$ cat my_file_24.cif   # mmCIF, C-alpha atoms and all ligand atoms
data_run
loop_
_atom_site.label_atom_id
_atom_site.label_comp_id
_atom_site.auth_asym_id
_atom_site.auth_seq_id
_atom_site.Cartn_x
_atom_site.Cartn_y
_atom_site.Cartn_z
CA MET A 1 -95.41 40.69 11.81
CA ILE A 2 -95.78 38.06 9.06
CA GLU A 3 -99.00 36.12 8.60
CA PHE A 4 -100.12 33.60 5.99
CA GLN A 5 -103.85 32.86 5.85
CA GLN A 6 -104.93 29.86 3.81
CA VAL A 7 -102.19 30.42 1.24
CA SER A 8 -102.09 28.00 -1.69
CA LYS A 9 -99.92 28.09 -4.79
CA GLN A 10 -100.45 26.05 -7.90
CA TYR A 11 -98.02 25.87 -10.84
CA ALA A 12 -99.76 24.10 -13.73
CA SER A 13 -100.40 20.64 -12.27
CA THR A 14 -98.11 21.09 -9.22
CA HIS A 15 -99.77 22.09 -5.98
CA ALA A 16 -96.65 23.66 -4.40
CA LEU A 17 -98.39 25.11 -1.30
CA LYS A 18 -101.61 23.80 0.19
CA ASP A 19 -103.57 25.87 2.70
CA ILE A 20 -100.60 27.36 4.55
CA ASN A 21 -101.41 29.16 7.82
CA PHE A 22 -98.80 30.56 10.18
CA THR A 23 -97.78 33.70 12.03
CA VAL A 24 -94.35 35.09 12.85
CA GLN A 25 -94.47 37.49 15.79
CA LYS A 26 -92.45 40.71 15.88
CA GLY A 27 -88.85 40.00 16.89
CA GLU A 28 -89.07 36.25 16.32
CA ILE A 29 -86.76 34.12 14.18
CA VAL A 30 -88.74 31.32 12.57
CA GLY A 31 -87.26 28.60 10.40
CA VAL A 32 -89.14 26.66 7.74
CA ILE A 33 -87.55 23.28 7.07
CA GLY A 34 -88.35 20.74 4.39
CA LYS A 35 -86.79 18.42 1.88
CA SER A 36 -86.13 19.46 -1.71
CA GLY A 37 -89.43 20.13 -3.51
CA ALA A 38 -91.39 20.60 -0.25
CA GLY A 39 -92.36 24.15 -1.25
CA LYS A 40 -89.91 26.21 0.85
CA SER A 41 -88.77 28.59 -1.91
CA THR A 42 -92.33 29.11 -3.05
CA LEU A 43 -93.35 29.88 0.54
CA ILE A 44 -90.63 32.47 1.19
CA ARG A 45 -91.19 34.08 -2.21
CA CYS A 46 -94.88 34.41 -1.34
CA ALA A 47 -93.86 36.36 1.80
CA ASN A 48 -92.89 39.37 -0.34
CA LEU A 49 -95.07 38.42 -3.30
CA LEU A 50 -92.14 37.70 -5.62
CA GLU A 51 -94.47 34.75 -6.17
CA LYS A 52 -98.18 35.52 -6.13
CA PRO A 53 -100.28 33.00 -4.18
CA SER A 54 -103.07 31.33 -6.18
CA SER A 55 -105.33 31.94 -3.18
CA GLY A 56 -105.11 33.15 0.40
CA LYS A 57 -103.78 36.27 2.11
CA VAL A 58 -100.28 37.39 3.08
CA PHE A 59 -99.78 40.09 5.71
CA VAL A 60 -96.48 41.80 6.57
CA ALA A 61 -96.33 44.53 9.21
CA ASP A 62 -100.14 44.76 9.40
CA GLN A 63 -100.48 45.31 5.67
CA GLU A 64 -102.21 42.79 3.43
CA LEU A 65 -99.70 42.47 0.57
CA THR A 66 -102.13 40.38 -1.47
CA ALA A 67 -104.53 43.36 -1.58
CA LEU A 68 -102.04 46.03 -2.72
CA SER A 69 -101.69 47.69 -6.12
CA ALA A 70 -98.37 47.21 -7.95
CA SER A 71 -97.01 50.58 -6.81
CA ALA A 72 -98.15 50.13 -3.19
CA LEU A 73 -96.51 46.71 -3.24
CA ARG A 74 -93.23 48.26 -4.40
CA ASP A 75 -93.36 50.59 -1.36
CA ALA A 76 -94.30 47.76 1.01
CA ARG A 77 -91.35 45.69 -0.22
CA LYS A 78 -88.95 48.38 1.05
CA HIS A 79 -89.79 47.09 4.55
CA ILE A 80 -88.92 43.52 3.58
CA GLY A 81 -85.22 42.66 3.15
CA MET A 82 -84.17 39.44 1.49
CA ILE A 83 -80.93 37.46 1.21
CA PHE A 84 -80.26 34.53 -1.09
CA GLN A 85 -78.14 31.39 -1.28
CA GLN A 86 -76.04 32.86 -4.11
CA PHE A 87 -75.67 36.32 -2.48
CA ASN A 88 -76.84 38.21 -5.66
CA LEU A 89 -74.13 40.92 -5.48
CA LEU A 90 -73.08 43.08 -8.41
CA ASN A 91 -69.54 42.01 -9.25
CA SER A 92 -68.65 45.30 -10.95
CA LYS A 93 -69.38 47.28 -7.77
CA THR A 94 -67.37 47.53 -4.55
CA VAL A 95 -68.66 46.31 -1.20
CA PHE A 96 -69.61 49.89 -0.30
CA GLU A 97 -71.42 50.43 -3.62
CA ASN A 98 -73.32 47.14 -3.28
CA VAL A 99 -74.62 48.15 0.14
CA ALA A 100 -75.47 51.62 -1.23
CA LEU A 101 -77.56 50.20 -4.09
CA PRO A 102 -80.98 50.44 -2.39
CA LEU A 103 -80.21 54.01 -1.24
CA LYS A 104 -79.86 57.18 -3.20
CA LEU A 105 -76.31 58.17 -2.33
CA ASP A 106 -75.81 61.39 -0.43
CA HIS A 107 -73.57 62.37 2.47
CA GLN A 108 -75.88 61.28 5.28
CA LYS A 109 -76.27 57.89 3.64
CA THR A 110 -72.49 57.40 3.64
CA ASP A 111 -72.49 57.26 7.44
CA LYS A 112 -75.38 54.81 7.32
CA ILE A 113 -73.51 52.48 4.95
CA LEU A 114 -70.33 52.65 7.04
CA GLY A 115 -72.44 51.81 10.11
CA LEU A 116 -73.94 48.79 8.36
CA LEU A 117 -70.51 47.58 7.26
CA GLU A 118 -69.33 47.86 10.85
CA LEU A 119 -72.41 45.92 12.04
CA VAL A 120 -71.60 43.02 9.70
CA GLY A 121 -67.85 43.19 10.42
CA LEU A 122 -66.66 44.35 6.99
CA SER A 123 -65.43 47.91 7.60
CA ASP A 124 -62.00 47.04 6.25
CA LYS A 125 -63.38 45.55 3.01
CA LYS A 126 -65.46 48.49 1.83
CA ASP A 127 -63.38 49.19 -1.30
CA GLN A 128 -62.96 45.56 -2.33
CA TYR A 129 -64.96 43.78 -5.03
CA PRO A 130 -67.08 40.64 -4.47
CA ALA A 131 -64.54 38.47 -6.31
CA GLN A 132 -62.01 39.28 -3.58
CA LEU A 133 -64.29 38.03 -0.78
CA SER A 134 -65.05 34.63 0.74
CA GLY A 135 -68.59 33.23 0.57
CA GLY A 136 -69.22 34.23 4.18
CA GLN A 137 -68.03 37.78 3.51
CA LYS A 138 -70.24 38.03 0.41
CA GLN A 139 -73.25 37.02 2.49
CA ARG A 140 -72.33 39.72 5.03
CA VAL A 141 -72.40 42.30 2.22
CA ALA A 142 -75.81 40.96 1.14
CA ILE A 143 -77.06 41.24 4.73
CA ALA A 144 -75.80 44.85 5.03
CA ARG A 145 -77.50 45.68 1.70
CA ALA A 146 -80.74 44.04 2.86
CA LEU A 147 -80.66 46.23 6.00
CA ALA A 148 -80.03 49.50 4.12
CA LEU A 149 -83.70 50.51 4.01
CA ASP A 150 -84.33 49.60 7.69
CA PRO A 151 -86.63 46.66 6.93
CA LYS A 152 -89.05 45.31 9.51
CA VAL A 153 -88.62 41.80 8.21
CA LEU A 154 -85.70 39.84 6.77
CA LEU A 155 -86.35 36.83 4.54
CA CYS A 156 -83.46 34.36 4.22
CA ASP A 157 -83.65 31.98 1.26
CA GLU A 158 -81.22 29.10 2.05
CA ALA A 159 -78.78 31.85 3.05
CA THR A 160 -76.13 29.49 4.42
CA SER A 161 -76.46 26.59 1.96
CA ALA A 162 -73.46 27.67 -0.13
CA LEU A 163 -71.23 28.14 2.93
CA ASP A 164 -68.87 25.84 4.83
CA PRO A 165 -69.79 24.93 8.45
CA GLN A 166 -67.62 27.67 9.96
CA ASN A 167 -69.09 30.46 7.80
CA THR A 168 -72.58 29.01 8.32
CA GLU A 169 -72.14 29.36 12.10
CA ALA A 170 -70.76 32.89 11.70
CA ILE A 171 -73.66 34.04 9.49
CA LEU A 172 -76.25 32.47 11.85
CA THR A 173 -74.58 34.25 14.77
CA LEU A 174 -74.72 37.52 12.81
CA LEU A 175 -78.44 37.03 12.05
CA LYS A 176 -79.12 36.41 15.75
CA LYS A 177 -77.15 39.56 16.64
CA ILE A 178 -79.16 41.63 14.15
CA ASN A 179 -82.37 40.12 15.47
CA ILE A 180 -81.47 41.14 19.03
CA GLU A 181 -79.85 44.53 18.34
CA LEU A 182 -82.32 45.77 15.71
CA GLY A 183 -85.38 43.79 16.84
CA LEU A 184 -85.65 42.48 13.30
CA THR A 185 -88.17 39.72 12.56
CA ILE A 186 -86.59 36.92 10.51
CA LEU A 187 -88.14 34.15 8.43
CA LEU A 188 -85.66 31.66 6.99
CA ILE A 189 -85.92 28.54 4.92
CA THR A 190 -83.47 25.66 4.99
CA HIS A 191 -83.21 21.95 4.31
CA GLU A 192 -80.82 21.48 7.26
CA MET A 193 -82.02 21.20 10.85
CA HIS A 194 -78.69 22.32 12.30
CA VAL A 195 -79.39 25.76 10.77
CA VAL A 196 -82.55 26.19 12.84
CA LYS A 197 -81.12 24.48 15.92
CA HIS A 198 -79.38 27.44 17.50
CA SER A 199 -80.65 30.41 15.54
CA CYS A 200 -84.45 30.04 15.53
CA ASP A 201 -87.11 30.46 18.20
CA ARG A 202 -89.60 28.24 16.35
CA VAL A 203 -89.56 25.83 13.45
CA ILE A 204 -92.20 24.96 10.87
CA VAL A 205 -91.86 21.62 9.07
CA LEU A 206 -93.06 21.66 5.48
CA ASP A 207 -93.72 18.44 3.57
CA ASP A 208 -95.29 18.16 0.13
CA GLY A 209 -96.61 21.73 0.29
CA GLN A 210 -98.21 21.35 3.73
CA ILE A 211 -97.25 22.33 7.26
CA VAL A 212 -96.98 19.00 9.08
CA GLU A 213 -95.54 20.21 12.38
CA GLU A 214 -94.55 23.42 14.12
CA GLY A 215 -93.35 24.42 17.54
CA LYS A 216 -90.63 25.87 19.72
CA ILE A 217 -87.22 24.48 18.83
CA ALA A 218 -86.68 22.73 22.18
CA ASP A 219 -90.16 21.12 22.08
CA VAL A 220 -89.74 19.87 18.52
CA PHE A 221 -86.26 18.47 19.24
CA ALA A 222 -87.40 16.85 22.48
CA ALA A 223 -90.52 15.18 21.05
CA PRO A 224 -90.85 15.26 17.26
CA GLN A 225 -94.36 14.15 16.28
CA LYS A 226 -93.90 13.20 12.63
CA ALA A 227 -91.44 10.78 11.03
CA ILE A 228 -90.05 13.52 8.77
CA THR A 229 -89.43 15.76 11.79
CA GLN A 230 -87.68 12.87 13.55
CA TYR A 231 -85.50 12.48 10.44
CA PHE A 232 -84.46 16.16 10.57
CA VAL A 233 -83.88 16.03 14.35
CA ASP A 234 -81.76 12.87 14.04
CA SER A 235 -79.64 14.46 11.32
CA ALA A 236 -79.01 17.53 13.48
CA LEU A 237 -78.13 15.43 16.54
CA ARG A 238 -75.82 13.15 14.56
CA ALA A 239 -77.96 10.14 15.46
CA GLU A 240 -76.74 8.10 12.51
CA LEU A 241 -73.73 5.84 12.67
CA PRO A 242 -70.72 6.66 10.51
CA GLY A 243 -70.98 4.95 7.07
CA ILE A 244 -68.30 2.39 7.88
CA LEU A 245 -70.33 1.08 10.84
CA GLN A 246 -73.66 1.27 9.03
CA GLU A 247 -72.35 -1.27 6.53
CA LYS A 248 -71.82 -3.72 9.38
CA ILE A 249 -75.37 -3.52 10.76
CA PHE A 250 -77.84 -6.27 9.82
CA PRO A 251 -81.61 -5.73 10.00
CA ALA A 252 -82.27 -9.09 11.73
CA PRO A 253 -80.40 -11.12 14.35
CA ALA A 254 -78.12 -13.92 13.15
CA LYS A 255 -75.61 -16.27 14.75
CA ASN A 256 -73.13 -14.40 16.95
CA THR A 257 -74.75 -11.00 16.50
CA ILE A 258 -75.72 -8.59 19.24
CA PRO A 259 -78.35 -5.83 19.13
CA VAL A 260 -77.58 -2.16 18.55
CA TRP A 261 -79.73 0.33 20.48
CA ARG A 262 -80.17 4.03 19.86
CA ILE A 263 -81.01 5.69 23.19
CA TYR A 264 -82.38 9.25 23.32
CA PHE A 265 -81.65 11.20 26.50
CA LYS A 266 -83.26 14.49 27.38
CA GLY A 267 -83.28 16.93 30.26
CA HIS A 268 -82.06 15.53 33.60
CA ALA A 269 -81.63 12.03 32.15
CA ALA A 270 -78.68 13.29 30.11
CA ALA A 271 -76.81 13.95 33.36
CA GLU A 272 -77.70 10.66 35.13
CA PRO A 273 -75.31 7.70 35.18
CA ILE A 274 -77.77 5.53 33.27
CA ILE A 275 -75.19 3.69 31.20
CA THR A 276 -73.26 2.78 34.35
CA GLN A 277 -76.47 1.48 35.94
CA LEU A 278 -77.23 -0.64 32.89
CA ALA A 279 -73.78 -2.17 33.13
CA ARG A 280 -73.66 -2.69 36.90
CA GLU A 281 -77.23 -3.55 37.82
CA TYR A 282 -78.42 -5.18 34.63
CA GLU A 283 -75.12 -6.75 33.60
CA LEU A 284 -75.25 -5.35 30.09
CA ASN A 285 -71.87 -4.69 28.52
CA LEU A 286 -72.37 -1.69 26.29
CA ASN A 287 -70.00 -0.85 23.45
CA ILE A 288 -70.56 2.81 22.66
CA LEU A 289 -70.54 3.24 18.86
CA GLN A 290 -71.67 6.87 18.73
CA ALA A 291 -72.54 9.55 21.26
CA SER A 292 -73.51 13.18 21.06
CA LEU A 293 -74.79 15.75 23.51
CA GLU A 294 -76.34 19.12 22.64
CA CYS A 295 -77.82 22.00 24.56
CA ILE A 296 -80.73 23.49 22.62
CA GLN A 297 -82.61 26.43 24.15
CA HIS A 298 -81.61 25.26 27.67
CA LEU A 299 -82.69 21.67 26.98
CA THR A 300 -79.96 19.05 27.08
CA LEU A 301 -80.42 16.36 24.46
CA GLY A 302 -78.23 13.36 23.93
CA ILE A 303 -78.10 10.37 21.67
CA MET A 304 -76.06 7.26 22.30
CA ILE A 305 -75.78 4.27 20.00
CA VAL A 306 -74.60 1.16 21.82
CA ALA A 307 -74.01 -2.47 20.93
CA VAL A 308 -75.44 -4.58 23.78
CA ASP A 309 -73.21 -7.48 24.63
CA ALA A 310 -75.10 -9.66 27.10
CA ALA A 311 -77.13 -12.85 27.28
CA ALA A 312 -80.41 -12.34 25.38
CA GLU A 313 -82.59 -12.81 28.48
CA LYS A 314 -80.96 -9.77 30.12
CA HIS A 315 -81.98 -7.41 27.30
CA GLN A 316 -85.60 -6.96 28.28
CA ALA A 317 -84.79 -5.94 31.86
CA GLY A 318 -82.46 -3.27 30.46
CA LEU A 319 -85.13 -2.02 28.04
CA ASP A 320 -87.69 -1.95 30.87
CA PHE A 321 -85.29 0.11 33.00
CA LEU A 322 -84.84 2.64 30.16
CA ALA A 323 -88.61 2.81 29.64
CA GLN A 324 -89.05 3.43 33.37
CA LYS A 325 -86.60 6.32 33.05
CA ASN A 326 -88.78 7.63 30.22
CA LEU A 327 -86.06 7.26 27.63
CA LYS A 328 -86.88 6.42 24.05
CA VAL A 329 -84.98 3.44 22.66
CA GLU A 330 -84.87 2.04 19.14
CA ILE A 331 -83.28 -1.23 18.12
CA ILE A 332 -81.59 -0.15 14.91
CA GLY A 333 -80.13 -3.54 13.94
CA TYR A 334 -77.62 -6.23 14.84
CA VAL A 335 -73.87 -6.38 14.55
CA ALA A 336 -71.48 -9.35 14.58
CA ARG A 337 -69.75 -9.50 17.97
CA GLU A 338 -66.30 -9.99 16.42
CA THR A 339 -66.49 -6.82 14.26
CA LEU A 340 -66.49 -4.62 17.35
P1 LIG A 401 -88.22 23.66 -2.29
O1 LIG A 401 -87.76 25.08 -2.19
O2 LIG A 401 -88.69 23.11 -0.97
O3 LIG A 401 -87.22 22.77 -2.94
P2 LIG A 401 -90.02 24.68 -4.33
O4 LIG A 401 -90.87 25.72 -3.70
O5 LIG A 401 -88.87 25.15 -5.16
O6 LIG A 401 -89.54 23.64 -3.22
O7 LIG A 401 -90.93 23.74 -5.26
C1 LIG A 401 -92.13 23.14 -4.81
C2 LIG A 401 -92.76 22.41 -5.99
O8 LIG A 401 -93.20 23.38 -6.96
C3 LIG A 401 -91.81 21.47 -6.72
O9 LIG A 401 -92.55 20.37 -7.15
C4 LIG A 401 -91.33 22.30 -7.89
O10 LIG A 401 -90.98 21.47 -8.97
C5 LIG A 401 -92.56 23.15 -8.20
N1 LIG A 401 -92.21 24.47 -8.77
C6 LIG A 401 -91.49 25.43 -8.16
N2 LIG A 401 -91.38 26.52 -8.95
C7 LIG A 401 -92.05 26.24 -10.09
C8 LIG A 401 -92.32 26.97 -11.30
N3 LIG A 401 -91.88 28.22 -11.47
N4 LIG A 401 -93.05 26.34 -12.25
C9 LIG A 401 -93.52 25.09 -12.07
N5 LIG A 401 -93.32 24.36 -10.96
C10 LIG A 401 -92.58 24.92 -9.97
#

$ encode --input "my_file_24.cif" --output "structure tokens" --more "lines below"
Ligand code: ADP
Amino acid sequence: MIEFQQVSKQYASTHALKDINFTVQKGEIVGVIGKSGAGKSTLIRCANLLEKPSSGKVFVADQELTALSASALRDARKHIGMIFQQFNLLNSKTVFENVALPLKLDHQKTDKILGLLELVGLSDKKDQYPAQLSGGQKQRVAIARALALDPKVLLCDEATSALDPQNTEAILTLLKKINIELGLTILLITHEMHVVKHSCDRVIVLDDGQIVEEGKIADVFAAPQKAITQYFVDSALRAELPGILQEKIFPAPAKNTIPVWRIYFKGHAAAEPIITQLAREYELNLNILQASLECIQHLTLGIMIVAVDAAAEKHQAGLDFLAQKNLKVEIIGYVARETL
């Protein structure tokens, strides 16, 4: 439904996109994640040619956008909805009028707009103005407006970045609902992995204008290949210690310190009594500093950060046991025994 073929974009001396190739199938939700400056905005703006690629081809719904005349492109864009971080509503118009903007208003269209407002859960707000709405409600209006022309594709440009966690969840749930009920193909960009975690089928990792990794969400979370992907996965799984504990971790062992391990569990291992076994059979006293468990596309993933209080010679046997169980372990530092 969306395809980039060897797309590059150069702004003066900045090579914002370098040889980008990917496909989004009909009905898929695909997330593009990257740090600030990675090229995400440029990429999504190339998907409807708001930004013209310096080279390469962009296809949407079997049409090569990069080959169209200006007027043909205007028509093609009617099949591509877009929502933005800052909602882009007209403050002088009501909710109803904002959603009506892409349509020429007549009686039949009124029913359509009321239907869209019902779909996004805003039927009771139709006569209100944007200033009277919360951020989440404003984004719902923007979504209804983006759907007014029955697009085949919805582009979401950091659509939840201005929202609190609760509204973020609600908007992601709404996008998923629209995807399922209308069969709409969705491409979204974000700098936060938790946004793609539950809403997307696949994720593409963008770094310095290049695709460095892509795959199904569960596969990427279970076995990230690149350090930057690991960073995003860790942030979404809350693999970092709270700040107050981080300050107490030393990079190297010292007198009276004990090691701190980060253990990654996945699949069946998350349900096994591995910590109990480490304590009973390997005589390791484990102080749990942080633990989280997530179910992502039917894959259970867990992270536990433990301080290992045991004689040094017992550590290796414990690490060997975890390796045997196929669990990844990192020694993230050392902590003074008395601070625990
Ligand atoms: P992201 O959305 O991931 O933060 P962008 O696509 O906005 O990344 O930017 C990618 C790179 O291109 C950055 O180095 C940015 O400074 C540069 N860039 C983006 N837009 C322009 C522009 N209009 N003119 C010049 N450089 C730009």

$ residues_near_ligand --input "my_file_24.cif" --ligand "ligand LIG 401 (chain A)" --cutoff "9 Å" --atoms "only C-alpha atoms and all ligand atoms" --output "short mmCIF file (atom, residue, chain, number, x, y, z; two decimals) with C-alpha atoms, keeping the file's coordinate frame"
data_model
loop_
_atom_site.label_atom_id
_atom_site.label_comp_id
_atom_site.auth_asym_id
_atom_site.auth_seq_id
_atom_site.Cartn_x
_atom_site.Cartn_y
_atom_site.Cartn_z
CA LYS A 9 -99.92 28.09 -4.79
CA GLN A 10 -100.45 26.05 -7.90
CA TYR A 11 -98.02 25.87 -10.84
CA ALA A 12 -99.76 24.10 -13.73
CA SER A 13 -100.40 20.64 -12.27
CA THR A 14 -98.11 21.09 -9.22
CA HIS A 15 -99.77 22.09 -5.98
CA ALA A 16 -96.65 23.66 -4.40
CA LEU A 17 -98.39 25.11 -1.30
CA ILE A 33 -87.55 23.28 7.07
CA GLY A 34 -88.35 20.74 4.39
CA LYS A 35 -86.79 18.42 1.88
CA SER A 36 -86.13 19.46 -1.71
CA GLY A 37 -89.43 20.13 -3.51
CA ALA A 38 -91.39 20.60 -0.25
CA GLY A 39 -92.36 24.15 -1.25
CA LYS A 40 -89.91 26.21 0.85
CA SER A 41 -88.77 28.59 -1.91
CA THR A 42 -92.33 29.11 -3.05
CA LEU A 43 -93.35 29.88 0.54
CA ILE A 44 -90.63 32.47 1.19
CA ARG A 45 -91.19 34.08 -2.21
CA GLU A 51 -94.47 34.75 -6.17
CA ASP A 157 -83.65 31.98 1.26
CA GLU A 158 -81.22 29.10 2.05
CA ILE A 189 -85.92 28.54 4.92
CA THR A 190 -83.47 25.66 4.99
CA HIS A 191 -83.21 21.95 4.31
CA LEU A 206 -93.06 21.66 5.48
CA ASP A 207 -93.72 18.44 3.57
CA ASP A 208 -95.29 18.16 0.13
CA GLY A 209 -96.61 21.73 0.29
#

$ closest_residue --input "my_file_24.cif" --among "A:Asp127, A:Glu213, A:Glu64, A:Glu28" --to "A:Leu184" --atoms "all atoms listed in the file"
A:Glu28

$ closest_residue --input "my_file_24.cif" --among "A:Ala291, A:Ile204, A:Leu284, A:Leu65" --to "A:Ala317" --atoms "only C-alpha atoms"
A:Leu284

$ axis_aligned_box --input "my_file_24.cif" --around "stretch 76-81 of chain A" --padding-each-side "5 Å" --output "JSON"
{"center_x": -89.8, "center_y": 45.5, "center_z": 2.2, "size_x": 19.1, "size_y": 15.7, "size_z": 14.8}

$ closest_residue --input "my_file_24.cif" --among "A:Val30, A:Ala312, A:Ile180, A:Ala236" --to "A:Gly215" --atoms "all atoms listed in the file"
A:Val30

$ closest_residue --input "my_file_24.cif" --among "A:Thr229, A:Asn287, A:Gln297, A:Ser92" --to "A:Asp201" --atoms "all atoms listed in the file"
A:Gln297
